file run.txt (compact mmCIF, C-alpha atoms)
# COMPACT_ATOMS: atom_id res chain seq x y z
CA MET A 1 0.00 0.00 0.00
CA ARG A 2 2.95 2.28 -0.54
CA PHE A 3 0.98 4.06 -3.22
CA PHE A 4 -1.42 5.53 -0.73
CA GLY A 5 1.34 6.57 1.65
CA LEU A 6 0.73 10.23 0.87
CA TRP A 7 -2.97 10.05 1.66
CA GLU A 8 -2.39 7.95 4.73
CA THR A 9 -0.88 10.94 6.46
CA VAL A 10 -4.11 12.85 5.73
CA LEU A 11 -6.80 10.20 5.99
CA THR A 12 -4.91 7.56 8.07
CA ALA A 13 -6.39 4.81 5.82
CA PRO A 14 -7.09 4.42 2.08
CA ASP A 15 -10.73 4.99 1.18
CA PRO A 16 -12.11 1.57 0.09
CA ASP A 17 -14.70 3.19 -2.18
CA ARG A 18 -12.07 5.06 -4.10
CA LEU A 19 -9.92 1.90 -4.36
CA ASN A 20 -12.87 -0.09 -5.70
CA ASP A 21 -13.69 2.67 -8.11
CA LEU A 22 -10.10 2.73 -9.37
CA GLY A 23 -10.14 -1.05 -9.79
CA LYS A 24 -13.41 -0.91 -11.74
CA ARG A 25 -12.15 1.82 -14.06
CA LEU A 26 -8.90 -0.08 -14.68
CA ASP A 27 -10.84 -3.24 -15.59
CA GLU A 28 -13.05 -1.32 -18.00
CA LEU A 29 -10.07 0.29 -19.70
CA GLN A 30 -8.28 -3.05 -20.02
CA THR A 31 -11.24 -4.82 -21.64
CA ARG A 32 -11.74 -1.93 -24.03
CA GLN A 33 -8.08 -2.00 -25.06
CA ALA A 34 -8.02 -5.78 -25.34
CA ALA A 35 -11.01 -5.65 -27.69
CA LYS A 36 -9.30 -2.99 -29.76
CA THR A 37 -5.96 -4.75 -30.14
CA GLN A 38 -7.39 -8.24 -30.75
CA ARG A 39 -9.79 -7.27 -33.48
CA GLN A 40 -7.51 -8.06 -36.41
CA ALA A 41 -7.20 -11.56 -37.77
CA PRO A 42 -3.74 -12.47 -39.11
CA SER A 43 -3.15 -10.55 -42.33
CA GLN A 44 -3.83 -12.19 -45.69
CA SER A 45 -0.22 -12.05 -46.83
CA SER A 46 1.08 -13.71 -43.68
CA ILE A 47 -1.46 -16.52 -44.09
CA ALA A 48 -0.45 -16.96 -47.73
CA PHE A 49 3.23 -16.99 -46.81
CA ARG A 50 2.59 -19.53 -44.06
CA PHE A 51 0.78 -21.89 -46.47
CA ALA A 52 3.51 -21.55 -49.08
CA THR A 53 6.32 -22.39 -46.66
CA GLU A 54 4.38 -25.36 -45.24
CA LEU A 55 3.80 -26.78 -48.72
CA VAL A 56 7.32 -26.24 -50.04
CA ALA A 57 9.01 -27.47 -46.86
CA ALA A 58 7.03 -30.72 -47.01
CA LEU A 59 8.02 -31.26 -50.64
CA VAL A 60 11.68 -30.63 -49.81
CA VAL A 61 11.62 -32.96 -46.82
CA GLY A 62 9.75 -35.68 -48.72
CA GLY A 63 12.00 -35.53 -51.78
CA GLY A 64 15.11 -35.31 -49.60
CA LEU A 65 14.08 -38.29 -47.51
CA GLY A 66 13.43 -40.38 -50.63
CA TRP A 67 16.74 -39.32 -52.11
CA GLY A 68 18.48 -40.33 -48.88
CA ILE A 69 16.79 -43.74 -48.85
CA ASP A 70 17.82 -44.27 -52.49
CA TRP A 71 21.37 -43.28 -51.61
CA LEU A 72 21.41 -45.73 -48.69
CA CYS A 73 19.99 -48.51 -50.88
CA GLY A 74 22.61 -47.78 -53.53
CA HIS A 75 25.21 -48.01 -50.79
CA PHE A 76 24.11 -51.55 -50.02
CA GLY A 77 24.00 -52.57 -53.68
CA PHE A 78 20.29 -52.10 -54.46
CA HIS A 79 19.73 -49.89 -57.47
CA THR A 80 16.41 -48.33 -56.48
CA ARG A 81 17.21 -44.82 -57.67
CA PRO A 82 14.94 -42.93 -58.32
CA ALA A 83 12.01 -45.08 -57.13
CA PHE A 84 12.01 -44.02 -53.46
CA MET A 85 12.53 -40.39 -54.36
CA ILE A 86 9.43 -40.40 -56.57
CA VAL A 87 7.33 -42.17 -53.95
CA PHE A 88 8.45 -39.90 -51.12
CA PHE A 89 8.06 -36.79 -53.24
CA VAL A 90 4.38 -37.70 -53.71
CA LEU A 91 4.09 -38.49 -49.99
CA GLY A 92 5.72 -35.13 -49.30
CA ALA A 93 3.10 -33.41 -51.43
CA ALA A 94 0.39 -35.14 -49.40
CA ALA A 95 2.12 -34.12 -46.16
CA GLY A 96 2.29 -30.55 -47.45
CA ILE A 97 -1.45 -30.47 -48.04
CA ARG A 98 -1.95 -31.98 -44.57
CA ASN A 99 0.22 -29.19 -43.15
CA VAL A 100 -1.77 -26.52 -44.95
CA MET A 101 -5.05 -27.97 -43.68
CA ARG A 102 -3.66 -28.07 -40.16
CA ALA A 103 -2.41 -24.49 -40.45
CA ALA A 104 -5.86 -23.42 -41.67
CA HIS A 105 -7.39 -25.14 -38.63
CA GLU A 106 -5.02 -23.30 -36.33
CA ILE A 107 -5.77 -19.94 -37.93
CA ASN A 108 -9.52 -20.58 -37.73
CA ALA A 109 -9.19 -21.55 -34.08
CA GLU A 110 -7.21 -18.39 -33.41
CA ILE A 111 -9.84 -16.21 -35.09
CA ALA A 112 -12.64 -17.98 -33.21
CA ARG A 113 -10.78 -17.53 -29.92
CA LYS A 114 -10.32 -13.82 -30.55
CA ARG A 115 -13.99 -13.44 -31.44
CA SER A 116 -15.14 -15.19 -28.28
CA ASP A 117 -12.68 -13.13 -26.23
CA LYS A 118 -14.23 -10.02 -27.67
CA GLU A 119 -17.77 -11.15 -26.92
CA THR A 120 -17.13 -12.17 -23.33
CA GLY A 121 -14.97 -9.07 -22.97
CA SER A 122 -12.24 -10.80 -21.00
CA MET B 21 30.25 2.91 -50.96
CA ASN B 22 29.09 -0.67 -51.40
CA LEU B 23 25.67 -0.82 -53.05
CA ASN B 24 25.30 -4.59 -53.01
CA PRO B 25 22.06 -5.19 -51.08
CA MET B 26 23.25 -8.60 -49.86
CA GLU B 27 26.47 -7.22 -48.40
CA GLN B 28 24.72 -6.48 -45.10
CA PHE B 29 24.24 -10.21 -44.46
CA ALA B 30 27.94 -11.10 -44.66
CA VAL B 31 29.17 -12.81 -41.52
CA LYS B 32 32.72 -11.69 -40.84
CA PRO B 33 35.09 -11.43 -37.88
CA ILE B 34 34.74 -8.05 -36.21
CA LEU B 35 37.57 -5.53 -36.17
CA GLY B 36 40.65 -6.50 -34.19
CA LEU B 37 39.61 -10.15 -33.88
CA ASP B 38 40.88 -11.49 -37.18
CA LYS B 39 42.50 -14.44 -35.47
CA PRO B 40 40.25 -17.37 -34.53
CA LEU B 41 39.39 -17.59 -30.84
CA PHE B 42 39.94 -21.35 -30.73
CA GLU B 43 39.56 -24.41 -32.89
CA ILE B 44 37.09 -27.27 -32.76
CA ALA B 45 38.26 -30.35 -34.68
CA GLY B 46 40.34 -28.21 -37.04
CA HIS B 47 37.56 -25.67 -37.68
CA PRO B 48 38.59 -22.18 -36.61
CA ILE B 49 35.99 -20.39 -34.47
CA TYR B 50 35.82 -16.62 -34.94
CA PHE B 51 34.08 -13.95 -32.93
CA THR B 52 31.95 -12.47 -35.71
CA ASN B 53 29.62 -9.49 -36.08
CA GLN B 54 26.78 -11.98 -35.63
CA ALA B 55 28.19 -13.29 -32.36
CA LEU B 56 28.67 -9.70 -31.16
CA LEU B 57 25.04 -8.82 -31.91
CA MET B 58 23.81 -11.94 -30.10
CA VAL B 59 25.91 -11.08 -27.04
CA ILE B 60 24.51 -7.53 -27.11
CA VAL B 61 20.94 -8.79 -27.43
CA VAL B 62 21.30 -11.26 -24.55
CA ALA B 63 23.08 -8.72 -22.33
CA VAL B 64 20.67 -5.84 -23.02
CA SER B 65 17.48 -7.87 -22.74
CA SER B 66 18.44 -9.70 -19.55
CA LEU B 67 19.82 -6.52 -17.94
CA PHE B 68 16.72 -4.54 -18.90
CA LEU B 69 14.26 -7.16 -17.69
CA SER B 70 16.03 -7.79 -14.39
CA LEU B 71 16.63 -4.09 -13.64
CA ALA B 72 13.11 -3.08 -14.68
CA VAL B 73 11.41 -5.28 -12.08
CA LYS B 74 13.93 -4.45 -9.34
CA PRO B 75 11.99 -1.55 -7.77
CA ASN B 76 8.85 -3.78 -7.75
CA ARG B 77 6.36 -0.99 -7.20
CA LEU B 78 2.59 -1.25 -6.97
CA VAL B 79 2.34 1.56 -9.49
CA PRO B 80 4.99 0.50 -12.01
CA THR B 81 7.51 2.74 -13.67
CA ARG B 82 7.62 2.76 -17.45
CA GLY B 83 10.33 0.07 -17.58
CA GLN B 84 8.62 -2.18 -15.05
CA SER B 85 5.38 -1.81 -16.95
CA MET B 86 7.10 -2.95 -20.17
CA ALA B 87 8.56 -5.98 -18.43
CA GLU B 88 5.21 -6.86 -16.86
CA MET B 89 3.38 -6.42 -20.14
CA SER B 90 5.74 -8.75 -21.97
CA TYR B 91 5.37 -11.27 -19.14
CA GLU B 92 1.58 -11.15 -19.33
CA PHE B 93 1.61 -11.23 -23.14
CA VAL B 94 3.64 -14.43 -23.26
CA SER B 95 1.83 -16.08 -20.36
CA ASN B 96 -1.57 -15.37 -21.98
CA MET B 97 -0.26 -16.76 -25.26
CA ILE B 98 0.92 -20.00 -23.63
CA HIS B 99 -2.27 -20.30 -21.61
CA SER B 100 -4.56 -19.92 -24.62
CA ALA B 101 -2.52 -22.26 -26.85
CA THR B 102 -1.60 -25.06 -24.42
CA GLY B 103 -3.76 -24.63 -21.32
CA GLU B 104 -2.73 -24.69 -17.67
CA ASP B 105 0.02 -27.32 -17.83
CA GLY B 106 1.82 -25.51 -20.64
CA LEU B 107 2.77 -22.75 -18.21
CA LYS B 108 5.64 -24.95 -16.99
CA PHE B 109 7.35 -24.01 -20.25
CA PHE B 110 6.98 -20.29 -19.67
CA PRO B 111 10.74 -19.69 -19.14
CA PHE B 112 11.59 -21.48 -22.38
CA VAL B 113 8.99 -19.74 -24.53
CA PHE B 114 9.59 -16.34 -22.92
CA THR B 115 13.35 -16.54 -23.49
CA LEU B 116 12.82 -17.63 -27.07
CA PHE B 117 10.30 -14.85 -27.74
CA ILE B 118 12.42 -12.10 -26.17
CA PHE B 119 15.57 -13.31 -27.94
CA VAL B 120 13.95 -13.39 -31.39
CA LEU B 121 12.13 -10.10 -30.77
CA CYS B 122 15.29 -8.30 -29.64
CA CYS B 123 17.34 -9.77 -32.50
CA ASN B 124 14.73 -8.50 -34.95
CA PHE B 125 14.57 -5.06 -33.37
CA PHE B 126 18.33 -4.66 -33.01
CA GLY B 127 18.60 -5.60 -36.66
CA MET B 128 16.43 -2.58 -37.48
CA VAL B 129 19.11 -0.21 -36.19
CA PRO B 130 20.87 1.12 -39.31
CA GLY B 131 24.37 -0.29 -39.65
CA SER B 132 23.85 -3.16 -37.26
CA PHE B 133 23.45 -6.81 -38.18
CA THR B 134 20.27 -8.89 -38.30
CA VAL B 135 21.03 -12.16 -36.54
CA THR B 136 17.68 -13.69 -37.52
CA SER B 137 18.41 -13.20 -41.23
CA GLN B 138 20.84 -16.13 -40.98
CA ILE B 139 19.28 -19.53 -41.63
CA ALA B 140 21.96 -21.08 -39.38
CA VAL B 141 20.60 -19.14 -36.40
CA THR B 142 16.90 -19.61 -37.08
CA PHE B 143 17.35 -23.29 -37.88
CA ALA B 144 19.29 -23.81 -34.65
CA LEU B 145 16.42 -22.19 -32.73
CA ALA B 146 13.80 -24.25 -34.59
CA ALA B 147 15.77 -27.47 -34.06
CA LEU B 148 15.96 -26.63 -30.35
CA VAL B 149 12.17 -26.22 -30.26
CA ILE B 150 11.53 -29.51 -32.05
CA LEU B 151 14.04 -31.43 -29.91
CA MET B 152 12.35 -29.94 -26.85
CA VAL B 153 8.95 -31.08 -28.16
CA ILE B 154 10.25 -34.61 -28.79
CA VAL B 155 11.89 -34.86 -25.35
CA VAL B 156 8.79 -33.50 -23.59
CA GLY B 157 6.54 -35.82 -25.58
CA PHE B 158 8.53 -38.93 -24.69
CA MET B 159 8.87 -37.87 -21.05
CA LYS B 160 5.14 -37.30 -20.71
CA HIS B 161 3.78 -40.24 -22.72
CA GLY B 162 6.72 -42.63 -23.03
CA ILE B 163 6.54 -44.71 -26.19
CA GLY B 164 2.88 -43.64 -26.51
CA PHE B 165 4.16 -40.36 -27.95
CA LEU B 166 4.51 -42.21 -31.26
CA LYS B 167 0.69 -42.25 -31.40
CA LEU B 168 1.09 -38.68 -32.63
CA PHE B 169 1.97 -40.19 -36.00
CA VAL B 170 -1.01 -42.57 -36.08
CA PRO B 171 -4.25 -40.82 -37.11
CA HIS B 172 -7.66 -42.40 -36.63
CA ALA B 173 -8.07 -44.42 -39.82
CA PRO B 174 -8.47 -48.03 -41.03
CA TRP B 175 -5.22 -50.02 -41.08
CA TYR B 176 -4.87 -50.14 -44.88
CA LEU B 177 -4.81 -46.36 -44.98
CA LEU B 178 -2.31 -46.18 -42.13
CA ILE B 179 0.37 -47.62 -44.46
CA LEU B 180 0.08 -44.35 -46.39
CA LEU B 181 -0.84 -42.02 -43.56
CA ILE B 182 1.98 -42.80 -41.13
CA PRO B 183 4.77 -41.80 -43.59
CA ILE B 184 2.76 -38.68 -44.42
CA GLU B 185 2.45 -37.76 -40.73
CA VAL B 186 6.15 -38.41 -40.16
CA ILE B 187 7.12 -36.19 -43.11
CA SER B 188 4.65 -33.58 -41.89
CA PHE B 189 6.32 -33.60 -38.47
CA LEU B 190 9.80 -33.37 -40.02
CA THR B 191 8.81 -30.26 -41.99
CA ARG B 192 8.21 -28.29 -38.80
CA PRO B 193 11.76 -27.23 -38.03
CA ILE B 194 12.17 -26.26 -41.69
CA SER B 195 9.00 -24.21 -42.06
CA LEU B 196 9.54 -22.64 -38.63
CA SER B 197 13.08 -21.52 -39.43
CA VAL B 198 12.49 -20.59 -43.08
CA ARG B 199 9.54 -18.36 -42.21
CA LEU B 200 11.52 -16.20 -39.79
CA PHE B 201 14.68 -16.17 -41.90
CA ALA B 202 12.91 -15.39 -45.21
CA ASN B 203 10.86 -12.56 -43.73
CA MET B 204 13.86 -10.84 -42.22
CA LEU B 205 16.04 -11.43 -45.29
CA ALA B 206 13.40 -10.11 -47.71
CA GLY B 207 12.65 -7.02 -45.64
CA HIS B 208 16.26 -5.99 -45.14
CA THR B 209 17.16 -6.67 -48.77
CA MET B 210 14.26 -4.46 -49.84
CA LEU B 211 15.47 -1.67 -47.55
CA ALA B 212 18.99 -1.91 -48.98
CA VAL B 213 17.73 -1.94 -52.59
CA PHE B 214 15.70 1.22 -52.08
CA GLY B 215 18.64 2.72 -50.20
CA GLY B 216 20.71 2.05 -53.32
CA PHE B 217 18.10 3.92 -55.40
CA VAL B 218 18.47 6.96 -53.17
CA VAL B 219 22.24 7.00 -53.63
CA ALA B 220 22.06 6.36 -57.38
CA LEU B 221 19.42 9.03 -58.01
CA GLY B 222 20.98 11.51 -55.61
CA SER B 223 24.24 11.47 -57.57
CA ALA B 224 22.52 11.76 -60.98
CA GLY B 225 22.82 15.55 -61.44
CA VAL B 226 19.48 17.04 -62.53
CA TRP B 227 17.56 13.99 -61.35
CA ALA B 228 18.81 14.37 -57.78
CA PRO B 229 15.53 15.85 -56.37
CA LEU B 230 13.76 12.65 -57.45
CA ALA B 231 15.73 10.77 -54.79
CA ILE B 232 13.13 11.92 -52.28
CA ALA B 233 10.63 9.34 -53.66
CA PRO B 234 12.56 6.16 -52.71
CA MET B 235 13.54 7.95 -49.50
CA LEU B 236 9.87 8.27 -48.50
CA LEU B 237 9.31 4.68 -49.50
CA ILE B 238 12.10 3.58 -47.16
CA VAL B 239 10.35 5.31 -44.29
CA ALA B 240 7.17 3.36 -45.07
CA ILE B 241 9.01 0.05 -45.43
CA MET B 242 10.87 0.73 -42.20
CA LEU B 243 7.53 0.99 -40.37
CA LEU B 244 6.31 -2.18 -42.04
CA GLU B 245 9.53 -3.95 -41.04
CA LEU B 246 9.05 -2.94 -37.40
CA LEU B 247 5.64 -4.63 -37.56
CA VAL B 248 7.12 -7.71 -39.24
CA ALA B 249 9.88 -7.85 -36.61
CA PHE B 250 7.28 -8.13 -33.86
CA LEU B 251 4.91 -10.35 -35.82
CA GLN B 252 7.56 -12.92 -36.71
CA ALA B 253 8.75 -13.18 -33.12
CA TYR B 254 5.11 -13.68 -32.11
CA VAL B 255 4.56 -16.34 -34.79
CA PHE B 256 7.72 -18.17 -33.73
CA ALA B 257 6.59 -18.22 -30.11
CA ILE B 258 2.95 -19.16 -30.79
CA LEU B 259 4.01 -22.05 -33.07
CA THR B 260 6.35 -23.26 -30.32
CA CYS B 261 3.31 -23.26 -28.02
CA ILE B 262 1.18 -25.12 -30.56
CA TYR B 263 3.84 -27.81 -31.04
CA LEU B 264 4.30 -28.12 -27.27
CA ASN B 265 0.52 -28.48 -26.94
CA GLU B 266 0.57 -31.41 -29.35
CA ALA B 267 3.38 -33.07 -27.43
CA LEU B 268 1.51 -32.58 -24.15
CA HIS B 269 -1.99 -33.55 -25.28
CA LEU B 270 -1.40 -35.70 -28.39
CA HIS B 271 -4.67 -35.88 -30.35
CA ASP B 272 -6.88 -33.94 -27.95
CA HIS B 273 -6.96 -30.91 -30.18
CA HIS B 274 -9.16 -32.55 -32.83
call {"tool": "encode", "arguments": {"input": "run.txt", "output": "structure tokens"}}
result
Amino acid sequence: MRFFGLWETVLTAPDPDRLNDLGKRLDELQTRQAAKTQRQAPSQSSIAFRFATELVAALVVGGGLGWGIDWLCGHFGFHTRPAFMIVFFVLGAAAGIRNVMRAAHEINAEIARKRSDKETGS
Amino acid sequence: MNLNPMEQFAVKPILGLDKPLFEIAGHPIYFTNQALLMVIVVAVSSLFLSLAVKPNRLVPTRGQSMAEMSYEFVSNMIHSATGEDGLKFFPFVFTLFIFVLCCNFFGMVPGSFTVTSQIAVTFALAALVILMVIVVGFMKHGIGFLKLFVPHAPWYLLILLIPIEVISFLTRPISLSVRLFANMLAGHTMLAVFGGFVVALGSAGVWAPLAIAPMLLIVAIMLLELLVAFLQAYVFAILTCIYLNEALHLHDHH
């Protein structure tokens, strides 16, 4: 209660009504500001960029993994090149689409959360 | 004056330290401009945060208020993305967020160096996050953590789906690091390119007054970059939370 030290010398104790009033006003201000700052959904370009990286990264990982398996097989005398690379590239494409769907879910959940935050005003 | 827009990303030993500090397995280790910036970021952010909360007043000073706001921001983020038990990872996520944020912001100072524009740095951070997720997942669920890769589907589809899920998991460190690195690289390259326009136009005799146009554009891009600097640190931290959530709760999020 150091904050009220100055008044304490005058009033001997902080006025509970004024404290409550201050608390109420602070709460109001905070909810208003929270609603203001949380209104925006993630911007279109950042969503697009996110999807692009997810898709490309999955293709790179899938193709790379297949290439590695081919290399290992070649090491042990099996000439599979480029069979595994083709298969894993396709799997990578599927994984990329899975990633994009998951990212879309996350973004939707985020938007929904912000909307409900705004409605309850917490 | 060097007008190459990529020159700003060159990692080189700083002045007076041309000799390697030490060697690891024959590889010389230098103290570079990048290392210097990282040391500055760590020193400034930890000094600021610890000094700001030192007075610990009921009515905070400006510095204390900044420290408390960043604390609440990160703790709300973890709470909304992972729930109550994710708060154990507050120190990890907070450190990561503040480090990336400060690296991005210190990179905005003209003439300094943007640590997060190096894929080596962002990939190291992303690999740390994913290793953390794997360790936490195995500690919490034991071998059951591998269920993360097994979606609800008939067995004949699982033959296809399990490799897809594994690849999908392996892309995380890559997409996490590439997103941060590419954003910072693109923004700073753009700034340098338009900076080059200013110099080129300014020294073109009669055309010199036109140099004001790219100059104004730089101001606008600078503001945009400040936003991107914050946004990318936020995205990095929130994705860390989302991955941690999956490790903690496996398939609960569906």
call {"tool": "residues_around", "arguments": {"input": "run.txt", "residues": "Leu264 of chain B", "least_positions_apart": "2", "cutoff": "12 Å", "atoms": "only C-alpha atoms", "output": "PyMOL selection string"}}
result
chain B and resi 98-99+101-103+105-110+112-113+149-158+160+257-262+266-270+273
call {"tool": "closest_atom_pairs", "arguments": {"input": "run.txt", "of": "chain B", "to": "chain A", "cutoff": "9 Å", "atoms": "all atoms listed in the file", "output": "CSV"}}
result
residue,atom,partner,partner_atom,distance
B:Arg77,CA,A:Arg2,CA,8.2
B:Leu78,CA,A:Phe3,CA,6.7
B:Val79,CA,A:Phe3,CA,6.9
B:Ser100,CA,A:Arg113,CA,8.5
B:Ala101,CA,A:Glu110,CA,8.9
B:Leu180,CA,A:Leu91,CA,8.0
B:Leu181,CA,A:Ala95,CA,8.8
B:Pro183,CA,A:Leu91,CA,7.2
B:Ile184,CA,A:Ala95,CA,4.9
B:Glu185,CA,A:Ala95,CA,6.5
B:Val186,CA,A:Ala95,CA,8.4
B:Ile187,CA,A:Ala95,CA,6.2
B:Ser188,CA,A:Ala95,CA,5.0
B:Phe189,CA,A:Ala95,CA,8.8
B:Leu190,CA,A:Val61,CA,7.1
B:Thr191,CA,A:Ala58,CA,5.3
B:Arg192,CA,A:Glu54,CA,8.0
B:Ile194,CA,A:Ala57,CA,6.2
B:Ser195,CA,A:Thr53,CA,5.6
B:Leu196,CA,A:Thr53,CA,8.7
B:Val198,CA,A:Thr53,CA,7.4
B:Arg199,CA,A:Thr53,CA,6.8
B:Ile262,CA,A:Glu106,CA,8.7
call {"tool": "write_last_selection", "arguments": {"input": "run.txt", "atoms": "C-alpha atoms", "output": "mmCIF file, in the coordinates of the input"}}
result
data_model
loop_
_atom_site.group_PDB
_atom_site.id
_atom_site.type_symbol
_atom_site.label_atom_id
_atom_site.label_comp_id
_atom_site.auth_asym_id
_atom_site.auth_seq_id
_atom_site.Cartn_x
_atom_site.Cartn_y
_atom_site.Cartn_z
ATOM 1 C CA ARG B 77 6.360 -0.990 -7.200
ATOM 2 C CA LEU B 78 2.590 -1.250 -6.970
ATOM 3 C CA VAL B 79 2.340 1.560 -9.490
ATOM 4 C CA SER B 100 -4.560 -19.920 -24.620
ATOM 5 C CA ALA B 101 -2.520 -22.260 -26.850
ATOM 6 C CA LEU B 180 0.080 -44.350 -46.390
ATOM 7 C CA LEU B 181 -0.840 -42.020 -43.560
ATOM 8 C CA PRO B 183 4.770 -41.800 -43.590
ATOM 9 C CA ILE B 184 2.760 -38.680 -44.420
ATOM 10 C CA GLU B 185 2.450 -37.760 -40.730
ATOM 11 C CA VAL B 186 6.150 -38.410 -40.160
ATOM 12 C CA ILE B 187 7.120 -36.190 -43.110
ATOM 13 C CA SER B 188 4.650 -33.580 -41.890
ATOM 14 C CA PHE B 189 6.320 -33.600 -38.470
ATOM 15 C CA LEU B 190 9.800 -33.370 -40.020
ATOM 16 C CA THR B 191 8.810 -30.260 -41.990
ATOM 17 C CA ARG B 192 8.210 -28.290 -38.800
ATOM 18 C CA ILE B 194 12.170 -26.260 -41.690
ATOM 19 C CA SER B 195 9.000 -24.210 -42.060
ATOM 20 C CA LEU B 196 9.540 -22.640 -38.630
ATOM 21 C CA VAL B 198 12.490 -20.590 -43.080
ATOM 22 C CA ARG B 199 9.540 -18.360 -42.210
ATOM 23 C CA ILE B 262 1.180 -25.120 -30.560
#
call {"tool": "atom_distance", "arguments": {"input": "run.txt", "atom1": "atom CA of Ala202 of chain B", "atom2": "atom CA of Ser137 of chain B"}}
result
7.1 Å
call {"tool": "residues_around", "arguments": {"input": "run.txt", "residues": "Gln138 of chain B", "least_positions_apart": "2", "cutoff": "10 Å", "atoms": "all atoms listed in the file", "output": "list in words"}}
result
Phe29, Ala30, Val31, Gln54, Thr134, Val135, Thr136, Ala140, Val141, Thr142, Phe143, Ser197, Val198, Leu200, Phe201, Ala202, Met204 and Leu205 of chain B
call {"tool": "atom_distance", "arguments": {"input": "run.txt", "atom1": "atom CA of Leu56 of chain B", "atom2": "atom CA of Glu43 of chain B"}}
result
18.4 Å
call {"tool": "build_atoms", "arguments": {"input": "run.txt", "residues": "segment 73-85 of chain B", "atoms": "N, CA and C atoms", "output": "CSV table (one decimal), keeping the file's coordinate frame"}}
result
chain,number,residue,atom,x,y,z
B,73,VAL,N,12.3,-4.8,-13.1
B,73,VAL,CA,11.4,-5.3,-12.1
B,73,VAL,C,12.0,-5.1,-10.7
B,74,LYS,N,13.3,-4.6,-10.6
B,74,LYS,CA,13.9,-4.4,-9.3
B,74,LYS,C,13.2,-3.6,-8.4
B,75,PRO,N,12.7,-2.4,-8.7
B,75,PRO,CA,12.0,-1.6,-7.8
B,75,PRO,C,10.7,-2.2,-7.3
B,76,ASN,N,10.0,-3.0,-8.1
B,76,ASN,CA,8.8,-3.8,-7.8
B,76,ASN,C,7.8,-2.9,-7.1
B,77,ARG,N,7.3,-1.9,-7.8
B,77,ARG,CA,6.4,-1.0,-7.2
B,77,ARG,C,4.9,-1.4,-7.5
B,78,LEU,N,4.0,-1.0,-6.7
B,78,LEU,CA,2.6,-1.2,-7.0
B,78,LEU,C,2.2,-0.5,-8.2
B,79,VAL,N,2.6,0.8,-8.3
B,79,VAL,CA,2.3,1.6,-9.5
B,79,VAL,C,3.7,1.5,-10.3
B,80,PRO,N,3.7,0.8,-11.4
B,80,PRO,CA,5.0,0.5,-12.0
B,80,PRO,C,5.5,1.7,-12.7
B,81,THR,N,6.9,1.8,-12.8
B,81,THR,CA,7.5,2.7,-13.7
B,81,THR,C,7.3,2.3,-15.1
B,82,ARG,N,7.8,3.1,-16.0
B,82,ARG,CA,7.6,2.8,-17.4
B,82,ARG,C,8.3,1.4,-17.8
B,83,GLY,N,9.6,1.3,-17.3
B,83,GLY,CA,10.3,0.1,-17.6
B,83,GLY,C,9.7,-1.2,-17.0
B,84,GLN,N,9.2,-1.0,-15.7
B,84,GLN,CA,8.6,-2.2,-15.0
B,84,GLN,C,7.3,-2.6,-15.8
B,85,SER,N,6.6,-1.6,-16.2
B,85,SER,CA,5.4,-1.8,-17.0
B,85,SER,C,5.6,-2.6,-18.2
